[in-house]
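Coordinates from query.txt are shown below (compact mmCIF, C-alpha atoms and all ligand atoms).
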```
# COMPACT_ATOMS: atom_id res chain seq x y z
CA MET A 146 0.00 0.00 0.00
CA ARG A 147 1.29 3.45 -0.92
CA ILE A 148 -0.16 6.83 -0.03
CA LEU A 149 1.04 9.94 -1.87
CA LEU A 150 0.04 13.36 -0.54
CA PHE A 151 0.37 16.29 -2.95
CA THR A 152 0.72 19.72 -1.40
CA GLY A 153 2.10 23.16 -2.20
CA LYS A 154 1.09 26.80 -2.38
CA GLY A 155 -2.26 27.73 -3.89
CA GLY A 156 -2.50 27.30 -7.65
CA VAL A 157 0.92 25.70 -8.27
CA GLY A 158 -0.49 22.52 -9.85
CA LYS A 159 -1.28 20.11 -6.99
CA THR A 160 -4.52 18.87 -8.51
CA THR A 161 -2.95 18.54 -11.96
CA THR A 162 0.12 16.60 -10.82
CA ALA A 163 -1.84 14.43 -8.35
CA SER A 164 -4.28 13.49 -11.12
CA ALA A 165 -1.49 12.80 -13.62
CA THR A 166 0.32 10.62 -11.07
CA ALA A 167 -2.82 8.65 -10.24
CA LEU A 168 -3.50 8.09 -13.95
CA ARG A 169 0.04 6.90 -14.50
CA LEU A 170 -0.21 4.43 -11.59
CA ALA A 171 -3.49 3.11 -13.01
CA ASP A 172 -2.02 2.87 -16.51
CA ARG A 173 0.73 0.71 -15.03
CA GLY A 174 -1.96 -1.57 -13.59
CA VAL A 175 -1.88 -0.36 -9.98
CA LYS A 176 -5.37 -0.14 -8.46
CA THR A 177 -5.46 3.51 -7.49
CA LEU A 178 -7.83 5.82 -5.67
CA LEU A 179 -7.45 9.54 -6.30
CA LEU A 180 -8.93 11.61 -3.48
CA SER A 181 -9.30 15.28 -2.78
CA THR A 182 -9.43 16.59 0.79
CA ASP A 183 -9.58 20.21 -0.33
CA ALA A 184 -13.05 21.62 0.35
CA ALA A 185 -12.68 23.66 -2.86
CA HIS A 186 -12.81 20.54 -5.00
CA SER A 187 -11.38 20.73 -8.47
CA LEU A 188 -10.44 17.10 -9.13
CA GLY A 189 -13.60 16.65 -11.14
CA ASP A 190 -12.68 19.68 -13.25
CA ALA A 191 -9.15 18.45 -13.88
CA LEU A 192 -10.32 14.98 -14.87
CA ALA A 193 -13.35 16.41 -16.68
CA VAL A 194 -15.69 13.92 -14.94
CA PRO A 195 -18.30 14.57 -12.24
CA LEU A 196 -17.25 13.17 -8.83
CA THR A 197 -18.91 12.55 -5.47
CA ASP A 198 -17.92 11.41 -1.98
CA ALA A 199 -18.14 7.76 -3.08
CA PRO A 200 -15.24 6.44 -5.19
CA THR A 201 -16.25 6.34 -8.86
CA GLU A 202 -14.35 4.36 -11.49
CA VAL A 203 -13.06 6.94 -13.96
CA ALA A 204 -10.57 4.86 -15.98
CA PRO A 205 -9.31 1.27 -15.92
CA SER A 206 -7.82 0.69 -12.42
CA LEU A 207 -8.55 4.29 -11.41
CA TRP A 208 -11.22 5.49 -8.98
CA ALA A 209 -11.71 9.05 -7.79
CA ALA A 210 -13.65 10.79 -5.04
CA GLN A 211 -14.07 14.25 -3.55
CA LEU A 212 -14.60 13.93 0.19
CA ASP A 213 -17.78 15.48 1.52
CA THR A 214 -16.62 16.35 5.02
CA GLN A 215 -19.90 18.08 5.87
CA GLY A 216 -21.90 14.92 5.22
CA ARG A 217 -19.33 12.85 7.10
CA PHE A 218 -19.49 15.26 10.01
CA GLU A 219 -23.22 14.86 10.26
CA ALA A 220 -22.98 11.09 10.17
CA ALA A 221 -20.13 10.69 12.67
CA TRP A 222 -20.67 13.49 15.15
CA ARG A 223 -24.38 13.57 15.73
CA ASP A 224 -24.00 12.35 19.36
CA VAL A 225 -21.40 14.88 20.34
CA GLN A 226 -22.97 17.72 18.45
CA SER A 227 -26.48 17.20 19.79
CA PHE A 228 -25.13 17.21 23.33
CA LEU A 229 -23.29 20.47 22.72
CA VAL A 230 -26.27 22.03 20.97
CA ASP A 231 -28.53 21.06 23.91
CA MET A 232 -26.07 22.53 26.38
CA LEU A 233 -25.86 25.81 24.50
CA ALA A 234 -29.60 25.92 23.92
CA ARG A 235 -30.22 25.51 27.65
CA GLY A 236 -27.78 28.34 28.20
CA GLY A 237 -30.06 30.57 26.13
CA VAL A 238 -28.37 30.28 22.72
CA ASP A 239 -30.90 29.67 19.96
CA VAL A 240 -30.63 26.31 18.23
CA VAL A 241 -29.51 27.60 14.84
CA THR A 242 -26.65 29.61 16.37
CA ALA A 243 -25.78 26.67 18.64
CA GLU A 244 -25.46 24.43 15.61
CA GLU A 245 -23.17 26.95 13.96
CA LEU A 246 -21.05 27.18 17.11
CA THR A 247 -20.59 23.44 17.36
CA VAL A 248 -19.04 23.18 13.90
CA LEU A 249 -15.57 23.31 15.36
CA PRO A 250 -12.72 24.75 13.31
CA GLY A 251 -10.50 21.99 12.03
CA VAL A 252 -13.27 19.42 12.01
CA ASP A 253 -13.20 19.21 8.22
CA GLU A 254 -9.56 18.32 8.29
CA VAL A 255 -10.02 15.69 10.98
CA LEU A 256 -12.80 14.05 9.05
CA ALA A 257 -10.79 14.12 5.84
CA LEU A 258 -7.95 12.31 7.61
CA LEU A 259 -10.27 9.74 9.10
CA ALA A 260 -11.74 9.13 5.66
CA VAL A 261 -8.29 8.62 4.12
CA ARG A 262 -7.53 5.99 6.73
CA GLU A 263 -10.90 4.34 6.36
CA LEU A 264 -10.47 4.08 2.59
CA ALA A 265 -6.91 2.83 2.98
CA ARG A 266 -8.14 0.14 5.35
CA THR A 267 -10.72 -1.25 2.97
CA GLY A 268 -7.82 -2.89 1.13
CA ASP A 269 -9.60 -2.14 -2.15
CA TRP A 270 -6.71 -0.06 -3.52
CA ASP A 271 -2.95 -0.48 -3.77
CA ALA A 272 -2.30 3.25 -3.98
CA LEU A 273 -4.04 6.32 -2.62
CA VAL A 274 -3.16 9.63 -4.23
CA VAL A 275 -4.38 12.56 -2.17
CA ASP A 276 -4.83 16.04 -3.62
CA CYS A 277 -4.49 18.19 -0.50
CA ALA A 278 -5.53 21.76 0.22
CA PRO A 279 -2.85 24.50 -0.05
CA THR A 280 0.09 24.19 2.32
CA ALA A 281 -1.12 25.95 5.44
CA GLU A 282 -4.22 23.80 5.67
CA THR A 283 -2.31 20.65 4.85
CA LEU A 284 0.15 21.31 7.64
CA ARG A 285 -2.68 21.91 10.04
CA LEU A 286 -4.18 18.67 8.81
CA LEU A 287 -0.99 16.68 9.27
CA ALA A 288 -0.20 18.14 12.69
CA LEU A 289 -3.68 17.38 13.94
CA PRO A 290 -3.63 13.69 14.81
CA GLU A 291 -0.72 14.10 17.17
CA ALA A 292 -1.82 17.38 18.74
CA LEU A 293 -5.44 16.36 19.18
CA ASN A 294 -4.59 12.97 20.48
CA TRP A 295 -2.31 14.51 23.04
CA TYR A 296 -5.30 16.34 24.49
CA LEU A 297 -7.72 13.49 24.15
CA GLU A 298 -5.38 11.07 25.91
CA ARG A 299 -4.65 13.38 28.78
CA VAL A 300 -7.80 15.37 29.31
CA PHE A 301 -10.67 13.07 28.53
CA PRO A 302 -9.97 9.93 30.56
CA ALA A 303 -9.75 12.15 33.66
CA GLN A 304 -12.95 14.01 32.76
CA ARG A 305 -14.71 10.76 32.17
CA THR A 306 -13.79 9.42 35.61
CA ILE A 307 -14.99 12.64 37.18
CA ALA A 308 -18.22 12.52 35.19
CA ARG A 309 -18.88 8.97 36.33
CA SER A 310 -18.44 9.85 39.97
CA VAL A 311 -20.44 13.08 39.98
CA ARG A 312 -23.28 11.91 37.71
CA PRO A 313 -25.34 10.29 40.54
CA LEU A 314 -25.00 13.42 42.65
CA ALA A 315 -25.85 15.70 39.73
CA ALA A 316 -28.89 13.54 38.99
CA LEU A 317 -29.99 13.90 42.60
CA LEU A 318 -29.74 17.65 42.27
CA GLY A 319 -31.63 17.58 39.00
CA ARG A 320 -28.55 18.68 37.00
CA GLY A 321 -27.66 15.34 35.38
CA ASP A 322 -28.18 16.78 31.91
CA THR A 323 -25.17 19.10 32.24
CA ILE A 324 -22.70 16.21 32.34
CA PRO A 325 -21.73 14.66 29.02
CA PRO A 326 -23.34 11.24 28.61
CA ASP A 327 -21.02 8.26 28.20
CA GLY A 328 -21.80 8.26 24.47
CA VAL A 329 -19.92 11.54 24.13
CA PHE A 330 -16.85 10.20 25.91
CA ASP A 331 -17.03 7.00 23.89
CA ALA A 332 -17.09 9.04 20.68
CA LEU A 333 -14.06 11.05 21.84
CA LEU A 334 -12.12 7.96 22.87
CA ARG A 335 -12.93 6.33 19.55
CA LEU A 336 -11.70 9.47 17.84
CA SER A 337 -8.49 9.29 19.85
CA ASP A 338 -7.88 5.70 18.69
CA ASP A 339 -8.72 6.55 15.10
CA LEU A 340 -6.34 9.51 15.11
CA ALA A 341 -3.56 7.34 16.50
CA GLY A 342 -4.24 5.03 13.55
CA VAL A 343 -4.07 7.94 11.09
CA ARG A 344 -0.78 9.04 12.56
CA GLU A 345 0.64 5.53 12.30
CA LEU A 346 -0.40 5.28 8.65
CA LEU A 347 0.71 8.72 7.51
CA GLY A 348 3.83 8.80 9.66
CA ASP A 349 5.20 5.54 8.22
CA PRO A 350 7.64 6.61 5.47
CA GLU A 351 7.36 3.24 3.75
CA VAL A 352 3.63 3.79 3.27
CA THR A 353 3.17 7.54 3.01
CA SER A 354 5.20 10.25 1.40
CA VAL A 355 4.55 13.87 0.61
CA ARG A 356 5.15 15.43 -2.82
CA LEU A 357 5.86 19.12 -2.71
CA VAL A 358 4.66 20.99 -5.77
CA LEU A 359 6.07 24.44 -6.53
CA THR A 360 6.63 26.85 -9.38
CA PRO A 361 10.12 28.33 -9.79
CA GLU A 362 9.28 31.73 -8.31
CA SER A 363 10.96 33.17 -5.25
CA VAL A 364 7.80 33.53 -3.13
CA VAL A 365 6.64 30.02 -3.92
CA VAL A 366 10.06 28.48 -3.32
CA ALA A 367 10.36 30.27 0.03
CA GLU A 368 7.05 28.78 1.14
CA ALA A 369 8.03 25.32 -0.09
CA ARG A 370 11.22 25.50 1.96
CA ARG A 371 9.24 26.37 5.09
CA THR A 372 6.81 23.54 4.38
CA PHE A 373 9.69 21.10 3.99
CA THR A 374 10.96 22.06 7.46
CA ALA A 375 7.51 21.86 9.06
CA LEU A 376 6.84 18.45 7.51
CA ALA A 377 10.11 17.15 8.95
CA LEU A 378 9.17 18.57 12.35
CA TYR A 379 5.92 16.60 12.32
CA GLY A 380 7.73 13.50 11.09
CA TYR A 381 6.43 13.29 7.51
CA ALA A 382 8.75 12.21 4.70
CA VAL A 383 8.93 14.22 1.47
CA ASP A 384 10.07 12.03 -1.44
CA VAL A 385 9.72 14.21 -4.55
CA VAL A 386 9.67 17.90 -5.44
CA VAL A 387 7.76 18.90 -8.58
CA ALA A 388 8.76 22.17 -10.23
CA ASN A 389 5.79 23.07 -12.41
CA ARG A 390 5.24 25.70 -15.11
CA VAL A 391 8.85 25.99 -16.18
CA PHE A 392 9.08 28.38 -19.15
CA PRO A 393 10.62 26.81 -22.23
CA ALA A 394 13.56 28.82 -23.59
CA GLY A 395 12.70 31.30 -26.34
CA ASP A 396 14.02 34.26 -28.23
CA ASP A 397 11.91 37.21 -27.17
CA PRO A 398 13.27 39.34 -24.29
CA TRP A 399 10.17 38.79 -22.10
CA ARG A 400 10.52 35.05 -22.22
CA ARG A 401 14.32 35.14 -21.89
CA GLN A 402 14.03 37.19 -18.73
CA TRP A 403 11.51 34.81 -17.20
CA ALA A 404 13.56 31.75 -18.20
CA THR A 405 16.71 33.23 -16.62
CA ALA A 406 14.89 34.07 -13.38
CA GLN A 407 13.33 30.61 -13.23
CA GLN A 408 16.66 28.87 -13.85
CA ALA A 409 18.13 30.73 -10.86
CA GLN A 410 15.18 29.60 -8.72
CA LEU A 411 15.54 26.02 -9.98
CA ALA A 412 19.20 26.02 -8.98
CA ASP A 413 18.10 27.16 -5.53
CA VAL A 414 15.47 24.43 -5.41
CA ARG A 415 17.97 21.70 -6.30
CA GLU A 416 20.26 22.95 -3.56
CA SER A 417 17.52 23.39 -0.92
CA PHE A 418 16.02 19.97 -1.35
CA ALA A 419 19.38 18.29 -1.87
CA GLY A 420 19.05 14.58 -2.26
CA LEU A 421 15.41 14.66 -3.37
CA PRO A 422 14.46 14.24 -7.02
CA VAL A 423 13.24 17.52 -8.52
CA LEU A 424 10.89 16.74 -11.43
CA GLU A 425 10.40 19.62 -13.86
CA LEU A 426 7.23 20.21 -15.86
CA PRO A 427 7.11 22.75 -18.68
CA TYR A 428 4.53 25.49 -18.89
CA ARG A 429 2.10 24.02 -21.40
CA PRO A 430 0.39 26.04 -24.10
CA ALA A 431 -3.03 25.10 -22.61
CA GLU A 432 -4.54 23.94 -19.33
CA PRO A 433 -3.95 20.20 -18.91
CA VAL A 434 -7.57 19.16 -18.40
CA GLY A 435 -8.90 15.66 -19.13
CA ALA A 436 -7.21 12.26 -19.36
CA VAL A 437 -5.33 12.87 -22.63
CA ALA A 438 -3.59 16.04 -21.41
CA LEU A 439 -2.98 14.58 -17.94
CA ARG A 440 -1.31 11.54 -19.48
CA GLU A 441 1.05 13.94 -21.28
CA VAL A 442 1.79 15.57 -17.92
CA ALA A 443 2.53 12.10 -16.52
CA ASP A 444 4.93 11.47 -19.44
CA GLY A 445 6.67 14.72 -18.52
CA LEU A 446 6.98 13.65 -14.89
CA TYR A 447 7.80 9.96 -15.14
CA GLY A 448 8.78 9.37 -18.80
CA ALA A 449 6.82 7.55 -21.51
CA LEU A 450 5.00 4.39 -20.34
CA PRO A 451 5.97 2.31 -18.46
CA GLY A 452 8.43 5.04 -17.37
CA ALA A 453 9.78 5.42 -13.87
CA ASP A 454 7.70 4.01 -10.99
CA PRO A 455 5.54 6.97 -9.92
CA ALA A 456 5.41 5.68 -6.33
CA PRO A 457 8.63 3.93 -5.31
CA ALA A 458 8.79 3.29 -1.56
CA SER A 459 10.85 6.10 -0.08
CA PRO A 460 14.18 5.09 1.38
CA ALA A 461 13.81 4.85 5.15
CA ARG A 462 15.10 8.08 6.62
CA ASP A 463 15.44 8.51 10.32
CA LEU A 464 13.71 11.77 11.13
CA LEU A 465 14.08 11.24 14.86
CA ARG A 466 16.33 9.05 16.96
CA VAL A 467 17.87 8.72 20.41
CA GLU A 468 21.38 7.40 20.93
CA PRO A 469 23.69 6.96 23.91
CA GLU A 470 26.47 9.53 24.04
CA GLY A 471 29.09 9.71 26.78
CA ASP A 472 27.34 9.36 30.12
CA GLY A 473 23.94 10.30 28.73
CA PHE A 474 21.89 10.39 25.56
CA VAL A 475 21.34 12.60 22.56
CA LEU A 476 18.03 13.07 20.75
CA ARG A 477 18.48 13.99 17.09
CA MET A 478 15.67 15.43 15.01
CA SER A 479 16.05 16.20 11.34
CA LEU A 480 14.91 19.81 10.72
CA PRO A 481 16.15 20.97 7.32
CA LEU A 482 16.26 24.61 6.21
CA ALA A 483 15.16 26.36 9.41
CA GLY A 484 16.78 29.56 10.69
CA ARG A 485 18.75 29.08 13.90
CA ALA A 486 16.73 31.75 15.69
CA ASP A 487 13.48 30.03 14.75
CA VAL A 488 14.23 26.70 16.42
CA ASP A 489 13.46 26.12 20.05
CA ALA A 490 13.16 23.05 22.27
CA VAL A 491 11.84 23.09 25.83
CA ARG A 492 11.39 20.27 28.29
CA ALA A 493 7.92 20.32 29.87
CA GLY A 494 7.53 17.49 32.35
CA ASP A 495 7.60 14.22 30.41
CA ASP A 496 7.36 16.01 27.07
CA LEU A 497 9.76 17.81 24.81
CA VAL A 498 8.16 20.76 23.04
CA VAL A 499 9.91 21.59 19.77
CA THR A 500 8.98 24.84 18.02
CA VAL A 501 10.04 25.97 14.56
CA ALA A 502 8.80 29.30 13.27
CA GLY A 503 5.32 28.97 14.72
CA HIS A 504 4.96 25.20 14.28
CA ARG A 505 4.98 23.18 17.46
CA ARG A 506 5.31 19.49 18.17
CA VAL A 507 4.93 17.90 21.58
CA LEU A 508 6.94 14.70 21.88
CA SER A 509 6.33 12.24 24.70
CA LEU A 510 9.80 11.38 25.90
CA PRO A 511 10.67 7.68 26.21
CA SER A 512 11.05 6.56 29.81
CA VAL A 513 14.83 6.52 29.61
CA LEU A 514 14.83 10.25 28.83
CA ARG A 515 12.17 11.06 31.39
CA ARG A 516 14.68 10.11 34.03
CA CYS A 517 17.23 12.55 32.64
CA VAL A 518 17.68 16.27 32.72
CA VAL A 519 18.38 18.30 29.61
CA SER A 520 22.05 19.20 29.60
CA GLY A 521 22.31 21.08 26.32
CA GLY A 522 21.13 21.53 22.80
CA SER A 523 22.23 22.74 19.40
CA TYR A 524 20.94 23.30 15.88
CA ASP A 525 23.23 23.28 12.87
CA GLY A 526 20.79 24.28 10.12
CA ALA A 527 19.81 20.68 9.41
CA GLN A 528 19.52 18.80 12.66
CA LEU A 529 18.38 19.59 16.17
CA GLN A 530 20.30 17.85 18.93
CA VAL A 531 19.12 17.78 22.52
CA ARG A 532 21.45 16.24 25.08
CA PHE A 533 20.20 14.50 28.21
CA ARG A 534 22.12 13.69 31.38
CA PRO A 535 20.81 11.06 33.85
CA ASP A 536 19.15 12.61 36.86
CA PRO A 537 21.11 10.98 39.74
CA GLU A 538 17.98 10.94 41.89
CA LEU A 539 16.09 8.84 39.36
CA TRP A 540 18.67 6.26 38.36
CA PRO A 541 19.62 3.13 40.33
CA ALA A 542 23.22 2.96 41.52
CA GLU A 543 24.59 1.27 38.37
CA GLY A 544 23.59 4.28 36.26
CA PRO A 545 22.31 4.24 32.72
CA ALA A 546 25.41 2.65 31.17
CA ARG A 547 23.93 -0.84 30.95
CA ARG A 548 20.57 0.26 29.72
CA ARG A 549 19.81 0.86 26.09
CA PRO A 550 17.42 3.59 25.10
CA SER A 551 14.38 2.76 23.02
CA PRO A 552 15.33 3.45 19.40
CA ARG A 553 13.16 6.52 19.06
CA PRO A 554 11.05 8.62 21.38
CA ARG A 555 7.39 7.84 21.34
CA PRO A 556 5.39 10.44 19.50
CA ALA A 557 2.62 11.64 21.77
CA THR A 558 0.03 9.46 20.05
CA GLU A 559 1.68 6.08 20.38
CA PRO A 560 0.30 3.88 23.15
N1 LIG B 601 2.27 22.83 -16.49
C1 LIG B 601 1.16 23.53 -16.70
N2 LIG B 601 0.97 24.23 -17.82
C2 LIG B 601 -0.15 24.95 -18.02
N3 LIG B 601 -1.17 25.03 -17.16
C3 LIG B 601 -1.05 24.35 -16.00
C4 LIG B 601 0.12 23.56 -15.71
N4 LIG B 601 -0.06 23.00 -14.49
C5 LIG B 601 -1.26 23.41 -14.05
N5 LIG B 601 -1.87 24.21 -14.95
C6 LIG B 601 -3.17 24.89 -14.81
O1 LIG B 601 -3.04 25.83 -13.76
C7 LIG B 601 -4.24 25.89 -12.99
C8 LIG B 601 -3.94 25.52 -11.54
O2 LIG B 601 -3.52 24.17 -11.48
P1 LIG B 601 -4.06 23.19 -10.33
O3 LIG B 601 -5.53 23.32 -10.21
O4 LIG B 601 -3.50 21.85 -10.61
O5 LIG B 601 -3.35 23.86 -9.10
P2 LIG B 601 -3.61 23.60 -7.55
O6 LIG B 601 -2.30 23.72 -6.90
O7 LIG B 601 -4.36 22.33 -7.37
O8 LIG B 601 -4.53 24.84 -7.19
P3 LIG B 601 -5.40 25.06 -5.85
O9 LIG B 601 -4.40 25.53 -4.81
O10 LIG B 601 -6.36 26.11 -6.24
O11 LIG B 601 -6.01 23.75 -5.51
C9 LIG B 601 -5.21 24.92 -13.64
O12 LIG B 601 -6.02 25.65 -14.50
C10 LIG B 601 -4.29 23.97 -14.41
O13 LIG B 601 -4.96 23.40 -15.52
MG MG B 602 -6.22 21.98 -6.38
```
What would the structure in this file look like if it were written as structure tokens?
Ligand SMILES: Nc1ncnc2c1ncn2[C@@H]1O[C@H](COP(=O)(O)OP(=O)(O)OP(=O)(O)O)[C@@H](O)[C@H]1O
Ligand SMILES: [Mg+2]
Amino acid sequence: MRILLFTGKGGVGKTTTASATALRLADRGVKTLLLSTDAAHSLGDALAVPLTDAPTEVAPSLWAAQLDTQGRFEAAWRDVQSFLVDMLARGGVDVVTAEELTVLPGVDEVLALLAVRELARTGDWDALVVDCAPTAETLRLLALPEALNWYLERVFPAQRTIARSVRPLAALLGRGDTIPPDGVFDALLRLSDDLAGVRELLGDPEVTSVRLVLTPESVVVAEARRTFTALALYGYAVDVVVANRVFPAGDDPWRRQWATAQQAQLADVRESFAGLPVLELPYRPAEPVGAVALREVADGLYGALPGADPAPASPARDLLRVEPEGDGFVLRMSLPLAGRADVDAVRAGDDLVVTVAGHRRVLSLPSVLRRCVVSGGSYDGAQLQVRFRPDPELWPAEGPARRRPSPRPRPATEP
């Protein structure tokens, strides 16, 4: 099973390249599902076929769907939402406004993720190609399972225990309806499990990789570089960069000037994403809409059929690891392309909070590091290193020397 996520700044060609890649996989006989999680769906326009929430066969071995997160929300969240609406209504908020208020921000993204996992788990497809929303939303989407699960795991079990013990008393006082019924907690705990599953699926570099689409323009490249860093922070592997809308060389001064500027940007791209393949696509004389044009785009990306495998498993890259060093341990996290001043790591109890230019990840430290104190840290432009020294009060007399650390710290969502 392979999952390819296409992301990039607005309008750079995500839908076009995702569709072309899915077509190429199908043309090579791989059963493929092409999905869009972007609420502003344009997959149907690119393929020139009408699409719905249910996968439709659009070509041999190729199915496509545009996720209807609103419909999915209504189906999955009725319990939780009706409780919240009741609560607000009793507090004097009219029902229509209450319904509006309970459509939580980010819910669309959560449901899109859950749907991707659900479809992956049917086993009906060998490849899932996901046309994501522009970068900012995609990052929010990919950071969600871990962040949300962190809350759900810590906050809700406690709340549930409290609810159980106060419910009889509240009932006696005639206030039982203000405590969430067990159904609400069950829904939240189920959500927590499902999100852990999403994280496991999308965080496994042998299953999932991200394809960054850009155009060779300074503003777009700058955003792609920041996205590359943020994806590494959250533990997602990028395996290909697509440089789209490259101007073919020509004689008129206008075109020459554009071509020169783009070549400089392309050189920067090859350097920034060193080690990753950068696939170039020319600016075509017309919009690549429909299967014929998209197959030409696929030829441009992967060569004429059978061409290069559009979805080779990405080489395992260690984004995060813990190793013994001297008397203690060092945690190494790959964080390419960030500015030194933008990177920060703070120990907070049993967690390590890593921040990069506004993006934050909370890592649950493995037990070996929980019994250590942070003794230093550094960032060299590519890798963050945090050093840990055993806390003498927490180690038995023989010290940590004979113990091996677990190979990597547990992300907050792992059991
Ligand atoms: N190489 C190309 N040559 C010419 N036109 C292109 C090329 N790539 C994409 N286009 C056209 O550019 C427009 C934007 O492409 P596309 O919809 O794939 O971008 P997107 O990144 O998915 O946009 P959005 O962020 O709005 O979802 C479309 O009209 C598409 O047909
Ligand atoms: Mg699009």
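Between atom CA of Arg466 of chain A and atom CA of Leu336 of chain A lies a distance of 28.0 Å.
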All residues within 8 Å of ligand MG 602 (chain B) are required, counting only C-alpha atoms and all ligand atoms; please report them as a CSV table (one decimal) with C-alpha atoms, in the coordinates of the input.
```csv
chain,number,residue,atom,x,y,z
A,155,GLY,CA,-2.3,27.7,-3.9
A,156,GLY,CA,-2.5,27.3,-7.6
A,158,GLY,CA,-0.5,22.5,-9.8
A,159,LYS,CA,-1.3,20.1,-7.0
A,160,THR,CA,-4.5,18.9,-8.5
A,161,THR,CA,-3.0,18.5,-12.0
A,183,ASP,CA,-9.6,20.2,-0.3
A,185,ALA,CA,-12.7,23.7,-2.9
A,186,HIS,CA,-12.8,20.5,-5.0
A,187,SER,CA,-11.4,20.7,-8.5
A,188,LEU,CA,-10.4,17.1,-9.1
A,276,ASP,CA,-4.8,16.0,-3.6
A,277,CYS,CA,-4.5,18.2,-0.5
A,278,ALA,CA,-5.5,21.8,0.2
A,279,PRO,CA,-2.8,24.5,0.0
```
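Shortest separation to Ala375 of chain A among A:Val437, A:Ala483, A:Leu334, A:Ala341 occurs at residue A:Ala483, atoms counted being only C-alpha atoms.
Taking atom P3 of ligand LIG 601 (chain B) and atom CA of Arg173 of chain A as endpoints, the distance between them is 26.7 Å.
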Segment 500-508 of chain A environment, 10 Å, only C-alpha atoms, sequence neighbours closer than 3 positions dropped, as a count of residues only: 34
Shell around Ala406 of chain A at 12 Å using all atoms listed in the file, local window under 2 positions removed, as a ChimeraX atom specification: /A:360-363,391-392,394,399-404,408-413
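Here atom CA of Gly471 of chain A stands at a distance of 24.0 Å from atom CA of Val498 of chain A.
Closest approach to ligand LIG 601 (chain B) among A:Asp190, A:Asp444, A:Asp213, A:Asp525: A:Asp190, based on only C-alpha atoms and all ligand atoms.
Ranking A:Ser164, A:Gln530, A:Ser354, A:Ser337 by their shortest atom-to-atom distance to Leu259 of chain A, with all atoms listed in the file included, puts A:Ser337 first.
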